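Have a look at the structure below before the remarks.
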Amino acid sequence: MSDSDVTASQMGLCVCHGCGGLSELLPGIHEMRCRRCGAALHLRKPNSIARTWAYLIAAYIMYVPANVLPIMHTGSMFGAQSDTIMSGVAYLWHSGSWHLALVVFIASVLVPLVKMLCLTLLLISVQRGWTERALERTKLYRILEFIGPWSMLDVYVVTILVALVQLKSLATIQPGPAAAAFGAVVVLTMFAAMAFDPRLLWEPKEAHHV
Amino acid sequence: MYEGSRGTVLEDIPTAVAVSKRRKSPQLIWLVPIVAALIGGWLAVKTILDKGPTITITFKTAEGLEAGKTKVKYKNIDIGEVKSVGFTPDLQQVVVTAELKKGVAPHLVEDARFWIVKPRVAGGQVSGIGTLFSGSYIEMDRGKSSTRREDFEGLEVQPMVTGDMQGRQFILKGKDLGSHDIGTPVMYRRIQVGKVAVNELNQDGSGVTLKIFVESPYDKFVNPNTRFWDVSGIDITADASGVKVNTEGLMAILLGGVAFEAPAGSGTLPEADPDTVFPLYPNRGAAMKQPDREALLFTMYFDESLRGLTVGSPIEANSVNIGEVKDIKVEYSDLRGKFLFPVDVALYPGRLRAMMRQGIADPTPAEQKARLDTLIASGLRAQLKTGSLLTGQMYISMDFFPKAAPAKIDWTKTPPVFPTEPGALVELQATLMNISKKIESMPLDRIGEDLRTTLQSLNRTLMGAEQAVKRMDKDVAPAAKAALEDARRTLNTVDKTLASDAPLQQDLRTSLRELTRATQSLRQLTELLERQPESLIQGKKETKR
């Protein structure tokens with residue numbers, strides 16, 4: 001792509017999100033509606049940066065209990081114990097299943113963290129008005145959107161175990177507080193990714209009016 | 001103006017509808033991180049508040065302990081977990097860091113105790129079997145002190161007595177441990193009322209100290225006069241009074257134990273305070289013996305063998321034990337030119353006095369001497385007697401021998417010499433000697449000669465008898481044989497005559513048949529005559545139809 005590409009906003013036009021109809025923008029007015037379906041018209045997702053930041057910060061906050069608190073309480077005849085995600089990884093690693101440990105570590109610890117860091121990077125780049133590597137940053141955003149749901153793996157495992165292993169006196173597994181926090185992290189990062197408007201990545205290059 | 005790619009003219013594009021400017025809404029989206037922060041903060045505060053105290057316990061070894069796995073339990077309920085296991089800087093001991101639950105904090109006091117629970121067999125009970133499957137755990141016993149503490153020294157052995165047990169602890173001092181392992185039972189009237197809690201060697205090695213725990217409500221039976229004794233296994237004593245086998249139930253045979261009992265008459269004493277020190281006696285007899293306050297020492301010289309008499313052998317007066325042998329020595333008497341075996345004895349007149357029906361005042365030494373002299377004058381002597389034929393044990397008996405040669409106590413010697421009388425065994429020997437002498441003086445030779453002549457004549461008689469029998473054999477036997485043969489022949493003839501096909505039999509049968517027929521004819525004739533008597537004259541009539 002080159003700088004000569006034209007955007008709708010440069011032409012004073014806006015596509016309605018509701019019906020797809022093209023409207024001509026009225027200069028000087030910020031709040032407009034589609035003539036055809038009456039949906040609000042925005043050139044960009046409204047408050048995109050603020051909303052993304054809000055979700056992202058919430059996700060960062062929840063990431064701490066998700067990793068510190070126990071995610072699972074296992075009780076058996078011979079004693080009870082609670083495991084955090086990292087202790088589970090450590091256990092798998094020491095017991096020889098390093099590949100499983102790797103999977104759990106990547107899916108449960110690394111992916112959410114990288115996702116949040118990447119989103120932070122994108123947000124900062126937008127706010128700082130970086131112009132370089134807009135294309136790469138857009139691709140990064142697409143990857144983020146794609147892998148979003150996969151980091152729920154851990155929550156799936158816990159919920160399945162909880163449902164399956166209920167042998168009452170022999171063994172029980174119960175979700176710990178970290179399971180909820182972890183779920184919150186995943187959901188919040190997905191919201192953050194949705195709230196982010198990738199078009200903002202291209203904006204510093206354009207004469208942006210809106 | 002521009003042209004779209006598909007040729008749409010821009011004039012066709014409708015303009016947007018302006019919306020009247022709304023009030024700028026507060027950015028509600030920031031509630032999300034605020035809520036997240038609140039939840040996170042709440043979780044953090046809760047975690048910190050729930051976090052119990054962290055303590056360190058030192059052990060000799062960390063056998064069975066695993067960081068992050070091993071639990072700390074109180075009454076079998078999890079109250080914490082071992083966080084890490086390390087060494088003391090000098091590598092002498094193991095330091096276990098454990099995180100306990102919040103509620104336990106007030107009980108972490110000076111005398112709280114921790115130990116590692118392992119499977120163990122003690123005091124007839126098996127405990128800690130569960131740890132075979134679940135691994136060891138650290139058990140806590142709460143203390144009674146109020147001083148808080150966070151570093152503890154772990155016990156190497158599981159204490160037998162925990163803080164929540166009601167009862168009292170007493171200290172026993174004994175000579176040796178016997179079989180008092182920790183946990184062996186303490187018996188009162190053969191009921192198990194407690195356990196041995198601690199056994200240790202005295203600091204100076206002079207004996208052992210046992211700490212026993214008597215459970216409530218049995219602890220009230222322990223008063224300051226209570227005697228404790230060892231009931232390890234089977235107590236077999238063989239002494240002058242025979243063989244005694246004492247046991248305290250099967251449990252005690254297998255495990256040993258300590259028994260206690262208050263001597264009769266001390267029931268009204270107050271209960272003993274905890275940690276009172278008592279002596280531990282080797283057996284019940286020793287324990288229940290009255291302490292002897294005064295002892296009269298004497299020496300006795302016996303002429304007979306002292307085999308069977310040992311230090312500790314009893315001295316009895318009328319089968320009441322009034323003293324014991326203290327020592328047996330050897331001395332050489334120039335005067336008599338032989339070895340003497342003086343026996344040192346102790347008499348406890350207090351024992352006799354204790355048995356008096358009415359109380360008697362303690363006599364002064366002078367009175368005592370006078371009394372003893374009187375007794376000797378009326379024949380009191382010491383005599384060796386066999387207590388048990390089975391074991392050969394001897395004892396010294398104090399008896400009156402009115403016919404004994406007069407004697408006196410030699411008060412000049414130290415200890416004074418007590419007069420003795422030859423023992424019953426010596427008398428027995430004399431009697432046996434008498435008997436053998438009498439046997440010796442019997443005319444055994446002449447009796448033997450008479451017996452021989454008698455036997456010779458008997459022999460002759462028997463030989464005559466034998467000849468007579470032989471003669472009979474020679475003369476009588478052939479004749480008898482011939483007679484028997486004749487008899488057999490006669491019998492054969494008879495047999496033949498009587499056989500079923502013999503002519504005699506045949507004839508007899510024919511005759512009988514003829515006779516039957518004759519009888520029938522006779523009956524017909526008789527009947528005819530009855531009906532027609534006239535036929536006798538007229539002849540038989542023809543029957544008419």
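Chain identifiers are assigned as A, B, and so on, following the order in which chains appear in the structure tokens; residues are numbered from 1 within each chain, and ligands are numbered from 1 in order of appearance.
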DSSP alpha helix (DSSP H) selection over stretch 42-118 of chain A, as a PyMOL selection string
chain A and resi 48-68+85-94+98-105+111-118
Can those selected residues be exported to a file as a CSV table (one decimal), in the first residue's frame so that it contains N, CA and C atoms?
chain,number,residue,atom,x,y,z
A,48,SER,N,-12.3,4.6,21.3
A,48,SER,CA,-11.6,3.4,21.1
A,48,SER,C,-10.5,3.2,22.1
A,49,ILE,N,-9.6,4.3,22.1
A,49,ILE,CA,-8.4,4.2,22.9
A,49,ILE,C,-8.7,4.1,24.4
A,50,ALA,N,-9.6,4.9,24.8
A,50,ALA,CA,-10.0,4.9,26.3
A,50,ALA,C,-10.5,3.6,26.7
A,51,ARG,N,-11.4,3.1,25.8
A,51,ARG,CA,-12.1,1.8,26.2
A,51,ARG,C,-11.1,0.7,26.2
A,52,THR,N,-10.2,0.7,25.2
A,52,THR,CA,-9.2,-0.4,25.1
A,52,THR,C,-8.3,-0.3,26.4
A,53,TRP,N,-7.9,0.9,26.7
A,53,TRP,CA,-7.1,1.1,27.9
A,53,TRP,C,-7.8,0.5,29.1
A,54,ALA,N,-9.1,0.9,29.3
A,54,ALA,CA,-9.9,0.5,30.4
A,54,ALA,C,-9.9,-1.1,30.5
A,55,TYR,N,-10.2,-1.7,29.4
A,55,TYR,CA,-10.3,-3.2,29.5
A,55,TYR,C,-8.9,-3.8,29.8
A,56,LEU,N,-7.9,-3.1,29.1
A,56,LEU,CA,-6.5,-3.7,29.3
A,56,LEU,C,-6.0,-3.5,30.7
A,57,ILE,N,-6.3,-2.4,31.3
A,57,ILE,CA,-5.9,-2.2,32.7
A,57,ILE,C,-6.6,-3.2,33.6
A,58,ALA,N,-7.9,-3.4,33.4
A,58,ALA,CA,-8.6,-4.4,34.2
A,58,ALA,C,-8.0,-5.8,34.0
A,59,ALA,N,-7.7,-6.1,32.7
A,59,ALA,CA,-7.1,-7.4,32.4
A,59,ALA,C,-5.7,-7.5,33.2
A,60,TYR,N,-4.9,-6.5,33.2
A,60,TYR,CA,-3.6,-6.5,33.9
A,60,TYR,C,-3.9,-6.8,35.4
A,61,ILE,N,-4.9,-6.1,35.9
A,61,ILE,CA,-5.2,-6.3,37.3
A,61,ILE,C,-5.5,-7.7,37.7
A,62,MET,N,-6.4,-8.3,36.8
A,62,MET,CA,-6.9,-9.6,37.1
A,62,MET,C,-5.8,-10.7,36.8
A,63,TYR,N,-4.9,-10.3,36.0
A,63,TYR,CA,-3.8,-11.2,35.7
A,63,TYR,C,-3.0,-11.6,37.0
A,64,VAL,N,-2.9,-10.7,37.9
A,64,VAL,CA,-2.1,-11.0,39.1
A,64,VAL,C,-2.8,-12.1,39.9
A,65,PRO,N,-4.1,-11.9,40.4
A,65,PRO,CA,-4.7,-13.0,41.1
A,65,PRO,C,-4.7,-14.3,40.3
A,66,ALA,N,-4.9,-14.2,39.0
A,66,ALA,CA,-5.0,-15.4,38.2
A,66,ALA,C,-3.8,-16.2,38.3
A,67,ASN,N,-2.7,-15.6,38.5
A,67,ASN,CA,-1.4,-16.4,38.6
A,67,ASN,C,-1.0,-16.7,40.0
A,68,VAL,N,-1.4,-15.8,41.0
A,68,VAL,CA,-0.9,-16.0,42.3
A,68,VAL,C,-1.8,-16.9,43.1
A,85,ILE,N,-1.5,-21.9,38.7
A,85,ILE,CA,-1.1,-22.3,37.4
A,85,ILE,C,0.4,-22.7,37.3
A,86,MET,N,1.2,-21.8,37.9
A,86,MET,CA,2.6,-22.0,37.9
A,86,MET,C,3.1,-23.3,38.6
A,87,SER,N,2.4,-23.6,39.7
A,87,SER,CA,2.8,-24.8,40.5
A,87,SER,C,2.4,-26.0,39.7
A,88,GLY,N,1.3,-25.9,38.9
A,88,GLY,CA,0.9,-27.0,38.0
A,88,GLY,C,2.0,-27.2,37.0
A,89,VAL,N,2.4,-26.1,36.4
A,89,VAL,CA,3.4,-26.2,35.3
A,89,VAL,C,4.7,-26.8,35.9
A,90,ALA,N,5.1,-26.3,37.1
A,90,ALA,CA,6.3,-26.8,37.7
A,90,ALA,C,6.2,-28.3,38.0
A,91,TYR,N,5.0,-28.7,38.4
A,91,TYR,CA,4.8,-30.1,38.7
A,91,TYR,C,4.9,-31.0,37.5
A,92,LEU,N,4.3,-30.5,36.4
A,92,LEU,CA,4.4,-31.2,35.1
A,92,LEU,C,5.8,-31.3,34.7
A,93,TRP,N,6.5,-30.2,34.8
A,93,TRP,CA,7.9,-30.1,34.3
A,93,TRP,C,8.8,-31.1,35.1
A,94,HIS,N,8.6,-31.1,36.4
A,94,HIS,CA,9.4,-32.0,37.3
A,94,HIS,C,9.0,-33.5,37.1
A,98,TRP,N,7.5,-32.6,30.2
A,98,TRP,CA,7.8,-31.2,29.9
A,98,TRP,C,7.0,-30.6,28.7
A,99,HIS,N,6.6,-31.5,27.8
A,99,HIS,CA,5.8,-30.9,26.6
A,99,HIS,C,4.5,-30.4,27.1
A,100,LEU,N,3.9,-31.2,28.0
A,100,LEU,CA,2.6,-30.7,28.6
A,100,LEU,C,2.8,-29.4,29.4
A,101,ALA,N,3.9,-29.4,30.1
A,101,ALA,CA,4.2,-28.2,30.9
A,101,ALA,C,4.3,-27.0,29.9
A,102,LEU,N,4.9,-27.3,28.8
A,102,LEU,CA,5.1,-26.2,27.8
A,102,LEU,C,3.8,-25.7,27.3
A,103,VAL,N,2.9,-26.7,27.0
A,103,VAL,CA,1.6,-26.3,26.4
A,103,VAL,C,0.9,-25.4,27.4
A,104,VAL,N,0.8,-25.9,28.7
A,104,VAL,CA,0.1,-25.2,29.7
A,104,VAL,C,0.7,-23.8,29.9
A,105,PHE,N,2.0,-23.8,29.9
A,105,PHE,CA,2.7,-22.5,30.2
A,105,PHE,C,2.4,-21.5,29.1
A,111,VAL,N,0.6,-16.6,26.6
A,111,VAL,CA,-0.3,-16.0,25.6
A,111,VAL,C,-1.1,-14.8,26.2
A,112,PRO,N,-1.7,-14.9,27.3
A,112,PRO,CA,-2.4,-13.7,27.8
A,112,PRO,C,-1.5,-12.5,28.0
A,113,LEU,N,-0.3,-12.9,28.5
A,113,LEU,CA,0.7,-11.8,28.8
A,113,LEU,C,1.1,-11.1,27.6
A,114,VAL,N,1.5,-11.9,26.6
A,114,VAL,CA,1.9,-11.4,25.3
A,114,VAL,C,0.8,-10.5,24.6
A,115,LYS,N,-0.4,-11.1,24.8
A,115,LYS,CA,-1.5,-10.4,24.2
A,115,LYS,C,-1.7,-9.0,24.8
A,116,MET,N,-1.6,-9.0,26.1
A,116,MET,CA,-1.8,-7.7,26.8
A,116,MET,C,-0.6,-6.7,26.4
A,117,LEU,N,0.6,-7.3,26.4
A,117,LEU,CA,1.7,-6.4,26.1
A,117,LEU,C,1.6,-5.9,24.7
A,118,CYS,N,1.2,-6.7,23.8
A,118,CYS,CA,1.0,-6.3,22.4
A,118,CYS,C,0.0,-5.2,22.2
Counting only C-alpha atoms, a student should be able to say which residues of chain B come within 9 Å of chain A; what is the right answer, written as a ChimeraX atom specification?
/B:1-2,10,13-22,27,29-37,39-41,43-44,47,68-69,71,78,130-131,133-135
Between atom CA of A:Ala8 and atom CA of A:His42, distance in Å (one decimal)
11.3 Å
Name the residues of stretch 32-160 of chain A that come out as strand (DSSP E) in a backbone DSSP run; write them as a PyMOL selection string.
chain A and resi 32-33+40-41+72-76+79-83
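Shortest separation to B:Val94 among B:Leu108, B:Val345, B:Ala259, B:Ile57 occurs at residue B:Ile57, atoms counted being only C-alpha atoms.
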